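Enquirer: Handing you this structure, nothing more for now.
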Amino acid sequence: MSVSPDALVEIAEEVQDQQPEDSGSGREIGNRRLRKEDQRLITGRTKWTDNIVLPGMVHLAMVRSPFAHARITGIDTSAAAEAPNVIGVYTAADFPEGLGVCANAWPITPDQVTPDHLPMVGERVACAGEIVAVVAARSAAEARDAAELVDVDYDELPAVLDGMEALKDEVLAHPDKGTNKSAFWKLDSAEAGTGGNVDEAVAAAREDGIVIEREYRQQRLVPAFMEPRSTVVDPTGEQVTMWTSTQVPHILRFLIAATTGMPESKVRVIAPDVGGGFGGKLQTTPEEFITLAVARRLGKPAKYTETRSESLLSAHHGRDQYQKLTLSATKDGTVTGLKVDLVANLGAYVAIVGGGVPVLGAWMFNAIYKFPAYQFNCQTVLTNTTWVDAYRGAGRPEATYAIERIMDELAAEVGVDPLEIRERNWIKHEEFPFTSVAGMVYDSGNYEAATARAKELFGYDELRAEQKARRESGDPVQLGIGVSTFTEMCGLAPSRVLGQLSYGAGGWESASIRMLPTGKVEVITGTSPHGQGHETAWSQIVADRLGVPFEDVEVLHGDTQVAYKGLDTYGSRSLVVGGEAVVRAADKVIEKAKAFAAHLLEANADDLEFSGGRYAVKGTDKGIGITEVALATFASHNYPEDLEPGIDADATYDPVNFSFPHGTHLCAMEVDTETGASRMRRYVCVDDIGHIINPLIVEGQIHGGLVQGIAQALWEEAVFDDNGTLVTGSFVDYTLPTAADTISFVTENTTSPSTTNTLGTKGVGEAGTIASTPAVVNAIVDALRDRGINDIQMPCTPHRVWSAIQGAGGAMATPAEGQPHFHEDAPTNADPGTTGEGSAQ
Amino acid sequence: MTRISVTVDGVKYSDDVEPRTLLVHYLRENLGKVGTVIGCDTSNCGACTVHLDGRSVKACNVLAVQADGHEVTTIEGLAEGGQLHPMQQAFHEHHALQCGYCTPGMIMQAIDILKDNASPSEEQIRAGLEGNLCRCTGYHNIVKAVSAAAEAGAGSKAGE
Amino acid sequence: MIPASFEYLAPTSLADALSALAEAGDEGKVLAGGQSLLPVLRMRLNAPEKVIDLGRIEELRGIREDGDHLVIGAMTTHADVAASDLVWEHAAVLADAAAEVADPQIRHRGTIGGALVHADPAGDLGAPVLALDAEFVIAGPGGERTVAAADFFVDLFETAVEDGELLTAIRIPKHTGWGGHYEKFVRVAHQWSIVAVAAAVRVEDGAIAEAKVGLTNMGSTPLRAAAVESALVGRSTGDLGDACSAAADGTNPPSDLNGDAEYRKHLATVLTKRAVLAAAGG
């Protein structure tokens, strides 16, 4: 059948006529729009990677090291190769050309010690779970059966597991490197010119004032996204296609090309529906490289889907820091200086941004406060454990935890309410924009407003009264109130700043808008959502901007062939960077279409105004809709000679600053002093994330974030035994909370629009997680402080709380059970370490 | 291989399966019912929850051969005639899902709660979901959705 | 993860099951509700050659009265036990404990017999049946025998059920008019018990006339807190005094991520008091 161009136009016109009239501008942003993503997810019509089945596809099973550190003395794959329906068994030796590299994209110092991280190892394993062989078979079950038959001989080597132990360099994670110390990074406000000398401040406070020193432990966590990672590679045809459960399809494609030598143009990476990430899927993984290599070797599609046990062991972990804080203040509680010493356990390898995550804390320990002097020292170390990288919050939760905990200690020392001590030190709303002692420019905020509203919603005074009553009556269940007035920096990130930090990429984001002849609009985004609802929120932005119906906007993402340019989703960047790119692309469309509209209306472009999806000639009733212009450019029967026949537009936006959401979180915990069990009574948060595109989605982000942060405080910890075996290797022992363990929250917002992006938005993806952990622990400590308890190590298990109560006895503050103590050779100001200069940009 | 006959979402299937085949693998791999997903290997997460003869079970914790002669309902069999089940509708309206991976299991278990108790309290809803893990929502909106579905009379639907 | 291959047998009578079991010998594994077994097979911690499914044997299912006993078929699910008016009336603490096993989906499949023979010390049904002085009906090639609860639990994952034998029913002396409560302590809801206490008490005129207390996860098997039981007799339900302080006497609890032995011993005393008070109040 042939269709004449005019007939096509008619069809398109018909389709357009069936559409509702434009929805006008300014109506979508701020709406509680139900999500476009939901229909396929609630009916089970999803495209998870593991759902993909291709003709002739082989299934892979990995053979992983059970040892934390061992030399491989032999691998016998013969029995496995003979097993039924096995197509191939491969070790590293079968790929002399290599399989690619799990690259570190952020060497934090020029001399960072960065062991080679290869997808499959042949000589030495540096942590449990490392892959030494892979089996390809016709079914997943047969691949697993055969994997059990691969016989690997290991000579076990001494392993170092703990960050503090690693610092001693007695047992080396990588003997060939000669040290476990990866990098030392420092920020000093006196050197950077952003503040005073912290040692002088501390010395002065020791003479006449208050000095508080505390050590906190950020336990190791597992991101534990619900969808186990899965990769399918189809090598047939001219191009290799990889579907994978990732947050970073664009970065992955780039790194595949960069480390395997495959032309980037021959690689297509697709992130279909992705079941959560929380940072845990921003890695380029050994499993992805191995699946790619086996599929190419066999010339057949290959699939690898991890089990949960494999996921808990081998997907990257998060946190794992030792923190030491020295806070100086005047006797009335005005902080004069803060010094921070960190030891961050990176695990066996420096993961894609693993070295940089603890460094992000450099700008966050000073939080919302006006500290005159500040110093941050960070030593990263290598150990024989699973590699550690970004987990929701990445560097900021650690910093926020420590500062919000120690501010409570200061309040206790001075003898005032924790909110009062914060108010004495925080930046006043009229002081914005404010340059922090770490050199960051906070664009906007209003800590007073958020705190006042949170107190009101919480019933702060009533709960304080109840706490007093319970104390006086000797109630076995004590009540504690925890405060967290957090801020964070997100919206990663201005590319120039990243360049100064020797980050391997930029921080821009891209968007394209295609105006289809039928009046539909395709928005192509470089962000890669995995639960965040970009399809809905981006539609709202574009519907408003272009004046088209919300329903007519389709958002495409997560496929490097469709969204050919992008830097993906992490660091609460998608809206503030990617959303701004969408705005700019829309504005370009409006501008391009204007010239066409003028031509079609036979008017001067300067006489046109665009509103509600329509170009109108000022002072007349003449006008044309933007979708009509789109159709006219499709037909292109009549257009100005000096223009191209098209109004589609691309935009790439590089942010000028981070965004700085903040909020006040209040938590009431009931502590059963007989069992040590803690139960949440009430949780209120008032977050200021600037303008909100979709309140429904924002609330969801906050709720989920809260529970992940609360889980760090109360439930979760990845634990290795002395041999480096992960004890918490399944969901039986890695205890995620359930609905029965959590409560409903009270969430509200105040609004201090960001001044650095058009929409006035700030990131929200990580805020809940960053804020909630200290609020919970502060509440538990608050419940027990009258017993002389000033810390409980996370997670605050009933056993730990009970032990603290047993150990407390008198009025003297005693360290809680398990409290880490810094070794004498912990990094100090004077430690040369492997020096690298940090800059405060 | 063992011959089994199972009715899934109203359709009767007969297949030869290896006895070690888990029900969830049978649903996904033999029948293409990929709406039911796998989240763990210890039966903790509940992502694979389906109804077996009308009651919720974890499909990773049942062998396909055990389902021989029985009836299974998955997330894909809930909507009737293009109409969402009230529980599906409630999850949508209350933003009770983000990444959506736990959602099929959550919805199936939420419907099961209402079979025993058509108007559960918040505490009863939370207890009824203790076998289903979600990492995105913090459960807040899931609990809200189940409560709303109950109020809208999804309980009578659940009993069918 | 997928189990290793096995042969599957689904007998429809007890007699057939016993023959199948005899034939399989060491290579056979009994599948009851499968809620503990299937994860073990999936993780390949066990790889039996034959799996004998009891799920199609109707005679092993159901709850009935037999004079002054309740008889619960081994293949009765936790959900059915927890929903049974008969169990609530005559063995309330068992019904309460059954409602606390794992989660609803697992309770729909898991069986009382399977759980008891699995004999995980952190399992929730051992303590209540031990406290209620249940008897275990065990069938084997030589016929049927009955074992007292005190003799049933032998060690970690080991019971009086020998190779070639099957537990067919649990006979529980009726504790009609007794209050019962199962106090379970966990960090997150879907966890195995860190410690739990099963208490059954008979109250007369505001005082405890008889008390039975079983402990979960305080040793390699469920245990009775005998010293507490005798100390409780005669106590007013309003003031138990120190009657529960000996709850951990003679126990040997494990130490793990959830707590050390000393902590568990402490928990046992606190939870015993709470369980007894709740049982007496109910």
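Starting from 1 in every chain, residues are counted up; chains themselves are A, B, ... following the order of the structure tokens, and ligands are numbered from 1 as listed.
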Apply DSSP to the backbone of this structure and, from range 44-262 of chain C, keep only the residues in strand (DSSP E); write these as a tab-separated table (two decimals) with N, CA and C atoms, in the first residue's frame.
Expert:
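Saved to result28.tsv:
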chain	number	residue	atom	x	y	z
C	50	LYS	N	16.38	-38.63	46.62
C	50	LYS	CA	14.94	-38.80	46.51
C	50	LYS	C	14.23	-37.87	47.51
C	51	VAL	N	13.18	-37.26	47.05
C	51	VAL	CA	12.37	-36.43	47.94
C	51	VAL	C	10.98	-37.05	48.01
C	52	ILE	N	10.56	-37.35	49.23
C	52	ILE	CA	9.27	-38.01	49.41
C	52	ILE	C	8.29	-36.99	49.99
C	53	ASP	N	7.34	-36.61	49.18
C	53	ASP	CA	6.40	-35.54	49.53
C	53	ASP	C	5.20	-36.14	50.26
C	63	ILE	N	-7.27	-31.54	62.54
C	63	ILE	CA	-7.26	-31.37	63.99
C	63	ILE	C	-8.54	-31.99	64.53
C	64	ARG	N	-8.40	-32.89	65.51
C	64	ARG	CA	-9.61	-33.51	66.07
C	64	ARG	C	-9.43	-33.74	67.56
C	65	GLU	N	-10.56	-33.98	68.21
C	65	GLU	CA	-10.53	-34.31	69.64
C	65	GLU	C	-10.51	-35.82	69.79
C	66	ASP	N	-9.80	-36.28	70.80
C	66	ASP	CA	-9.79	-37.70	71.13
C	66	ASP	C	-9.80	-37.78	72.65
C	69	HIS	N	-7.60	-35.53	74.81
C	69	HIS	CA	-6.48	-35.05	73.99
C	69	HIS	C	-6.98	-34.35	72.74
C	70	LEU	N	-6.14	-33.46	72.25
C	70	LEU	CA	-6.30	-32.92	70.90
C	70	LEU	C	-5.31	-33.68	70.04
C	71	VAL	N	-5.74	-34.05	68.84
C	71	VAL	CA	-4.82	-34.73	67.95
C	71	VAL	C	-4.64	-33.85	66.70
C	72	ILE	N	-3.40	-33.48	66.45
C	72	ILE	CA	-3.12	-32.62	65.28
C	72	ILE	C	-2.28	-33.42	64.30
C	73	GLY	N	-2.80	-33.62	63.13
C	73	GLY	CA	-2.07	-34.35	62.09
C	73	GLY	C	-0.79	-33.61	61.75
C	135	GLU	N	2.48	-35.53	73.17
C	135	GLU	CA	3.05	-36.82	72.79
C	135	GLU	C	3.16	-36.85	71.27
C	136	PHE	N	4.17	-37.56	70.80
C	136	PHE	CA	4.42	-37.61	69.37
C	136	PHE	C	4.16	-39.02	68.86
C	137	VAL	N	3.28	-39.12	67.89
C	137	VAL	CA	2.96	-40.42	67.31
C	137	VAL	C	3.86	-40.63	66.11
C	138	ILE	N	4.67	-41.68	66.18
C	138	ILE	CA	5.67	-41.93	65.14
C	138	ILE	C	5.40	-43.28	64.51
C	139	ALA	N	5.28	-43.31	63.20
C	139	ALA	CA	5.04	-44.56	62.48
C	139	ALA	C	6.33	-45.02	61.81
C	140	GLY	N	6.53	-46.31	61.81
C	140	GLY	CA	7.73	-46.86	61.18
C	140	GLY	C	7.44	-48.23	60.62
C	143	GLY	N	5.61	-50.51	62.91
C	143	GLY	CA	4.35	-50.08	63.49
C	143	GLY	C	4.46	-48.69	64.09
C	144	GLU	N	3.60	-48.41	65.04
C	144	GLU	CA	3.48	-47.06	65.57
C	144	GLU	C	4.00	-47.02	67.01
C	145	ARG	N	4.62	-45.92	67.39
C	145	ARG	CA	5.03	-45.75	68.78
C	145	ARG	C	4.75	-44.31	69.19
C	146	THR	N	4.68	-44.11	70.48
C	146	THR	CA	4.40	-42.77	70.99
C	146	THR	C	5.55	-42.33	71.89
C	147	VAL	N	6.01	-41.11	71.64
C	147	VAL	CA	7.15	-40.60	72.40
C	147	VAL	C	6.70	-39.34	73.15
C	148	ALA	N	7.10	-39.25	74.39
C	148	ALA	CA	6.77	-38.05	75.18
C	148	ALA	C	7.61	-36.87	74.70
C	153	PHE	N	12.79	-34.23	71.61
C	153	PHE	CA	13.85	-33.35	71.10
C	153	PHE	C	15.20	-33.85	71.59
C	154	VAL	N	16.05	-34.26	70.66
C	154	VAL	CA	17.31	-34.90	71.04
C	154	VAL	C	18.47	-33.90	71.00
C	155	ASP	N	18.56	-33.17	69.93
C	155	ASP	CA	19.67	-32.22	69.79
C	155	ASP	C	19.32	-31.26	68.66
C	158	GLU	N	17.72	-32.64	65.53
C	158	GLU	CA	17.64	-34.08	65.73
C	158	GLU	C	16.52	-34.40	66.71
C	159	THR	N	15.64	-35.35	66.30
C	159	THR	CA	14.53	-35.75	67.16
C	159	THR	C	14.53	-37.26	67.31
C	166	LEU	N	8.23	-41.82	60.34
C	166	LEU	CA	7.54	-40.56	60.07
C	166	LEU	C	6.74	-40.13	61.29
C	167	LEU	N	6.79	-38.87	61.57
C	167	LEU	CA	5.89	-38.32	62.59
C	167	LEU	C	4.52	-38.19	61.94
C	168	THR	N	3.50	-38.75	62.58
C	168	THR	CA	2.17	-38.69	61.95
C	168	THR	C	1.23	-37.75	62.67
C	169	ALA	N	1.39	-37.61	63.98
C	169	ALA	CA	0.47	-36.73	64.70
C	169	ALA	C	1.09	-36.28	66.01
C	170	ILE	N	0.56	-35.18	66.52
C	170	ILE	CA	0.95	-34.68	67.83
C	170	ILE	C	-0.30	-34.74	68.70
C	171	ARG	N	-0.19	-35.43	69.82
C	171	ARG	CA	-1.31	-35.55	70.75
C	171	ARG	C	-1.05	-34.63	71.94
C	172	ILE	N	-1.98	-33.74	72.15
C	172	ILE	CA	-1.77	-32.75	73.20
C	172	ILE	C	-2.85	-32.89	74.27
C	173	PRO	N	-2.43	-33.13	75.51
C	173	PRO	CA	-3.43	-33.18	76.58
C	173	PRO	C	-4.17	-31.84	76.62
C	179	GLY	N	-4.80	-20.30	80.40
C	179	GLY	CA	-4.40	-19.19	79.55
C	179	GLY	C	-3.09	-19.55	78.87
C	180	GLY	N	-2.87	-19.00	77.71
C	180	GLY	CA	-1.62	-19.29	77.02
C	180	GLY	C	-1.10	-18.07	76.29
C	181	HIS	N	0.22	-17.94	76.24
C	181	HIS	CA	0.80	-16.84	75.48
C	181	HIS	C	2.20	-17.21	75.02
C	182	TYR	N	2.50	-16.81	73.79
C	182	TYR	CA	3.84	-17.03	73.24
C	182	TYR	C	4.50	-15.68	73.06
C	183	GLU	N	5.56	-15.43	73.79
C	183	GLU	CA	6.25	-14.13	73.74
C	183	GLU	C	7.52	-14.30	72.92
C	184	LYS	N	7.49	-13.70	71.75
C	184	LYS	CA	8.60	-13.89	70.80
C	184	LYS	C	9.42	-12.61	70.69
C	185	PHE	N	10.72	-12.74	70.75
C	185	PHE	CA	11.59	-11.57	70.66
C	185	PHE	C	12.45	-11.66	69.41
C	195	VAL	N	15.01	-15.21	71.21
C	195	VAL	CA	14.54	-16.01	72.34
C	195	VAL	C	13.02	-15.89	72.31
C	196	ALA	N	12.34	-16.94	72.69
C	196	ALA	CA	10.89	-16.83	72.86
C	196	ALA	C	10.48	-17.72	74.02
C	197	VAL	N	9.33	-17.37	74.59
C	197	VAL	CA	8.85	-18.11	75.75
C	197	VAL	C	7.39	-18.48	75.55
C	198	ALA	N	7.10	-19.76	75.76
C	198	ALA	CA	5.72	-20.24	75.70
C	198	ALA	C	5.24	-20.47	77.14
C	199	ALA	N	4.16	-19.80	77.48
C	199	ALA	CA	3.65	-19.96	78.85
C	199	ALA	C	2.19	-20.39	78.82
C	200	ALA	N	1.87	-21.39	79.62
C	200	ALA	CA	0.48	-21.80	79.83
C	200	ALA	C	0.25	-21.79	81.33
C	201	VAL	N	-0.80	-21.12	81.75
C	201	VAL	CA	-1.06	-21.05	83.19
C	201	VAL	C	-2.54	-21.26	83.47
C	202	ARG	N	-2.79	-21.89	84.61
C	202	ARG	CA	-4.16	-22.05	85.09
C	202	ARG	C	-4.29	-21.19	86.34
C	203	VAL	N	-5.25	-20.29	86.26
C	203	VAL	CA	-5.43	-19.33	87.35
C	203	VAL	C	-6.68	-19.68	88.14
C	204	GLU	N	-6.52	-19.73	89.43
C	204	GLU	CA	-7.68	-19.93	90.31
C	204	GLU	C	-7.72	-18.81	91.32
C	207	ALA	N	-4.85	-16.36	91.59
C	207	ALA	CA	-3.50	-16.88	91.83
C	207	ALA	C	-3.20	-18.00	90.84
C	208	ILE	N	-1.94	-18.20	90.59
C	208	ILE	CA	-1.55	-19.22	89.64
C	208	ILE	C	-1.60	-20.59	90.32
C	209	ALA	N	-2.43	-21.47	89.75
C	209	ALA	CA	-2.57	-22.81	90.32
C	209	ALA	C	-1.56	-23.76	89.69
C	210	GLU	N	-1.38	-23.62	88.36
C	210	GLU	CA	-0.41	-24.44	87.66
C	210	GLU	C	0.21	-23.59	86.56
C	211	ALA	N	1.46	-23.86	86.27
C	211	ALA	CA	2.14	-23.12	85.19
C	211	ALA	C	3.07	-24.04	84.44
C	212	LYS	N	3.11	-23.84	83.14
C	212	LYS	CA	4.03	-24.59	82.29
C	212	LYS	C	4.73	-23.59	81.38
C	213	VAL	N	6.04	-23.70	81.33
C	213	VAL	CA	6.82	-22.72	80.58
C	213	VAL	C	7.85	-23.42	79.69
C	214	GLY	N	7.80	-23.10	78.41
C	214	GLY	CA	8.79	-23.65	77.47
C	214	GLY	C	9.62	-22.52	76.88
C	215	LEU	N	10.90	-22.82	76.59
C	215	LEU	CA	11.81	-21.80	76.09
C	215	LEU	C	12.29	-22.14	74.67
C	216	THR	N	12.31	-21.13	73.82
C	216	THR	CA	12.79	-21.30	72.45
C	216	THR	C	14.18	-20.68	72.31
C	223	LEU	N	13.37	-26.05	75.69
C	223	LEU	CA	13.59	-26.42	77.10
C	223	LEU	C	12.38	-26.06	77.94
C	224	ARG	N	12.21	-26.77	79.05
C	224	ARG	CA	11.21	-26.38	80.06
C	224	ARG	C	11.91	-25.58	81.13
Enquirer: Using only C-alpha atoms, what table do you get, as JSON lines, when you list each residue of chain B with an atom no more than 10 Å from chain C, its nearest pair of atoms, and their distance in Å rounded to one decimal, rows by chain then rising number?
Expert:
{"residue": "B:Met1", "atom": "CA", "partner": "C:Glu7", "partner_atom": "CA", "distance": 8.8}
{"residue": "B:Thr2", "atom": "CA", "partner": "C:Tyr8", "partner_atom": "CA", "distance": 8.2}
{"residue": "B:Glu18", "atom": "CA", "partner": "C:Ser5", "partner_atom": "CA", "distance": 7.7}
{"residue": "B:Pro19", "atom": "CA", "partner": "C:Tyr8", "partner_atom": "CA", "distance": 5.9}
{"residue": "B:Arg20", "atom": "CA", "partner": "C:Ser5", "partner_atom": "CA", "distance": 5.7}
{"residue": "B:Thr21", "atom": "CA", "partner": "C:Ile2", "partner_atom": "CA", "distance": 7.3}
{"residue": "B:Leu22", "atom": "CA", "partner": "C:Ile2", "partner_atom": "CA", "distance": 7.5}
{"residue": "B:His25", "atom": "CA", "partner": "C:Ile2", "partner_atom": "CA", "distance": 8.9}
{"residue": "B:Ile38", "atom": "CA", "partner": "C:Met1", "partner_atom": "CA", "distance": 9.7}
{"residue": "B:Cys40", "atom": "CA", "partner": "C:Met1", "partner_atom": "CA", "distance": 8.5}
{"residue": "B:Asp41", "atom": "CA", "partner": "C:Met1", "partner_atom": "CA", "distance": 6.1}
{"residue": "B:Thr42", "atom": "CA", "partner": "C:Pro39", "partner_atom": "CA", "distance": 5.1}
{"residue": "B:Ser43", "atom": "CA", "partner": "C:Pro39", "partner_atom": "CA", "distance": 6.8}
{"residue": "B:Asn44", "atom": "CA", "partner": "C:His190", "partner_atom": "CA", "distance": 7.1}
{"residue": "B:Cys45", "atom": "CA", "partner": "C:His190", "partner_atom": "CA", "distance": 9.2}
{"residue": "B:Gly46", "atom": "CA", "partner": "C:Gln105", "partner_atom": "CA", "distance": 8.1}
{"residue": "B:Thr49", "atom": "CA", "partner": "C:Gln105", "partner_atom": "CA", "distance": 7.7}
{"residue": "B:Val50", "atom": "CA", "partner": "C:Gln105", "partner_atom": "CA", "distance": 9.2}
{"residue": "B:His51", "atom": "CA", "partner": "C:Gln105", "partner_atom": "CA", "distance": 9.3}
{"residue": "B:Leu52", "atom": "CA", "partner": "C:His108", "partner_atom": "CA", "distance": 9.4}
{"residue": "B:Arg55", "atom": "CA", "partner": "C:His108", "partner_atom": "CA", "distance": 7.1}
{"residue": "B:Ser56", "atom": "CA", "partner": "C:Gln105", "partner_atom": "CA", "distance": 5.3}
{"residue": "B:Val57", "atom": "CA", "partner": "C:Gln105", "partner_atom": "CA", "distance": 4.4}
{"residue": "B:Lys58", "atom": "CA", "partner": "C:Gln105", "partner_atom": "CA", "distance": 6.1}
{"residue": "B:Ala59", "atom": "CA", "partner": "C:Gln105", "partner_atom": "CA", "distance": 9.6}
{"residue": "B:Cys60", "atom": "CA", "partner": "C:Leu38", "partner_atom": "CA", "distance": 8.2}
{"residue": "B:Asn61", "atom": "CA", "partner": "C:Leu38", "partner_atom": "CA", "distance": 5.8}
{"residue": "B:Val62", "atom": "CA", "partner": "C:Gly34", "partner_atom": "CA", "distance": 7.1}
{"residue": "B:Leu63", "atom": "CA", "partner": "C:Leu38", "partner_atom": "CA", "distance": 8.3}
{"residue": "B:Val65", "atom": "CA", "partner": "C:Tyr8", "partner_atom": "CA", "distance": 8.2}
{"residue": "B:Gln66", "atom": "CA", "partner": "C:Gly55", "partner_atom": "CA", "distance": 7.7}
{"residue": "B:Gln109", "atom": "CA", "partner": "C:Gln105", "partner_atom": "CA", "distance": 7.9}
{"residue": "B:Asp112", "atom": "CA", "partner": "C:Pro104", "partner_atom": "CA", "distance": 8.9}
{"residue": "B:Ile113", "atom": "CA", "partner": "C:Pro104", "partner_atom": "CA", "distance": 8.6}
{"residue": "B:Asp116", "atom": "CA", "partner": "C:Ala83", "partner_atom": "CA", "distance": 10.0}
{"residue": "B:Arg126", "atom": "CA", "partner": "C:Ala189", "partner_atom": "CA", "distance": 9.9}
{"residue": "B:Ala127", "atom": "CA", "partner": "C:Ala189", "partner_atom": "CA", "distance": 8.1}
{"residue": "B:Gly128", "atom": "CA", "partner": "C:Pro104", "partner_atom": "CA", "distance": 6.5}
{"residue": "B:Leu129", "atom": "CA", "partner": "C:Asp103", "partner_atom": "CA", "distance": 7.9}
{"residue": "B:Glu130", "atom": "CA", "partner": "C:Asp103", "partner_atom": "CA", "distance": 5.9}
{"residue": "B:Gly131", "atom": "CA", "partner": "C:Asp103", "partner_atom": "CA", "distance": 4.9}
{"residue": "B:Asn132", "atom": "CA", "partner": "C:Asp103", "partner_atom": "CA", "distance": 8.7}
{"residue": "B:Leu133", "atom": "CA", "partner": "C:His190", "partner_atom": "CA", "distance": 9.5}
Enquirer: Let's have the selection written as a short mmCIF file (atom, residue, chain, number, x, y, z; two decimals), in the first residue's frame, with C-alpha atoms.
Expert:
data_model
loop_
_atom_site.label_atom_id
_atom_site.label_comp_id
_atom_site.auth_asym_id
_atom_site.auth_seq_id
_atom_site.Cartn_x
_atom_site.Cartn_y
_atom_site.Cartn_z
CA MET B 1 10.71 -35.52 34.26
CA THR B 2 7.32 -35.54 35.92
CA GLU B 18 12.13 -31.72 36.39
CA PRO B 19 11.05 -32.35 40.00
CA ARG B 20 13.56 -29.76 41.21
CA THR B 21 11.79 -27.02 39.27
CA LEU B 22 10.46 -24.41 41.66
CA HIS B 25 10.67 -21.04 37.70
CA ILE B 38 12.44 -13.75 42.20
CA CYS B 40 15.94 -13.98 47.12
CA ASP B 41 16.92 -17.57 47.73
CA THR B 42 15.80 -17.97 51.33
CA SER B 43 12.06 -17.26 51.06
CA ASN B 44 12.41 -13.99 52.97
CA CYS B 45 11.47 -11.37 50.39
CA GLY B 46 8.03 -12.44 49.19
CA THR B 49 4.07 -14.44 46.16
CA VAL B 50 1.18 -16.05 44.25
CA HIS B 51 -2.07 -17.66 45.32
CA LEU B 52 -2.19 -21.43 45.44
CA ARG B 55 -4.12 -18.59 49.56
CA SER B 56 -0.80 -16.74 49.37
CA VAL B 57 2.39 -18.76 49.09
CA LYS B 58 5.96 -17.98 48.09
CA ALA B 59 6.37 -19.55 44.67
CA CYS B 60 10.10 -20.00 45.32
CA ASN B 61 9.21 -22.23 48.23
CA VAL B 62 6.92 -24.63 46.41
CA LEU B 63 8.00 -27.20 43.85
CA VAL B 65 5.33 -30.84 41.11
CA GLN B 66 3.63 -29.93 44.39
CA GLN B 109 -0.18 -10.74 49.76
CA ASP B 112 -4.66 -12.38 50.98
CA ILE B 113 -4.77 -10.22 54.11
CA ASP B 116 -9.10 -13.22 56.59
CA ARG B 126 1.71 -4.28 58.70
CA ALA B 127 1.77 -7.69 60.35
CA GLY B 128 0.17 -9.24 57.28
CA LEU B 129 2.97 -7.88 55.11
CA GLU B 130 5.80 -9.16 57.32
CA GLY B 131 6.83 -11.68 54.67
CA ASN B 132 7.29 -9.10 51.89
CA LEU B 133 10.31 -6.85 51.59
#
Enquirer: Starting from chain A, keep only residues with some atom at most 6 Å from an atom of chain B, counting only C-alpha atoms, and report them as a list in words.
Expert: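 Matching residues, ligands excluded from the count: Leu41, Ile42, Thr43, Gly44, Arg45, Met226, Glu227, Gly275, Gly276, Arg308, His530, Gly531, Gly700, His703, Gly704, Val707, Thr738, Ala739, Ala740 and Ser744 of chain A.
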Enquirer: For chain A against chain C, which residues fall within 7 Å using only C-alpha atoms, given as an NGL selection string?
Expert: :A and (141 or 145 or 307 or 674-675 or 732 or 735 or 737-738 or 740-741 or 799)
Enquirer: Would you mind listing what lies within 8 Å of Ala243 in chain C as a count of residues only, with only C-alpha atoms counted and same-chain residues fewer than 3 positions away left out?
Expert: 5
Enquirer: May I have all residues of range 14-246 of chain C that DSSP, computed from the backbone, assigns to helix (DSSP H, G or I), given as a VMD selection string?
Expert: chain C and resid 14 to 27 37 to 42 58 to 60 78 to 82 85 to 90 92 to 98 104 to 109 112 to 118 126 to 131 149 to 152 226 to 232
Enquirer: Which residues, written as a PyMOL selection string, have at least one atom at most 9 Å from Pro66 in chain A, with only C-alpha atoms counted and residues fewer than 3 positions away on the same chain left out?
Expert: chain A and resi 127-130+724-725
Enquirer: For the residues in the current selection, export C-alpha atoms as a PDB file, in the first residue's frame.
Expert:
ATOM      1  CA  CYS A 127      38.109 -10.990  48.477  1.00  0.00           C
ATOM      2  CA  ALA A 128      35.463 -13.649  48.912  1.00  0.00           C
ATOM      3  CA  GLY A 129      33.109 -13.801  45.973  1.00  0.00           C
ATOM      4  CA  GLU A 130      35.675 -12.912  43.321  1.00  0.00           C
ATOM      5  CA  GLY A 724      36.504 -12.956  55.610  1.00  0.00           C
ATOM      6  CA  THR A 725      33.331 -14.940  55.026  1.00  0.00           C
TER       7      THR A 725
END
Enquirer: Could you tell me how far CA of Tyr570 in chain A lies from CA of Gly279 in chain A, in Å and to one decimal?
Expert: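 CA of Gly279 in chain A lies at a distance of 6.4 Å from CA of Tyr570 in chain A.
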Enquirer: To one decimal place in Å, what is the distance between CA of Val202 in chain A and CA of Phe365 in chain A?
Expert: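 Result for CA of Val202 in chain A versus CA of Phe365 in chain A: 16.5 Å, one decimal.
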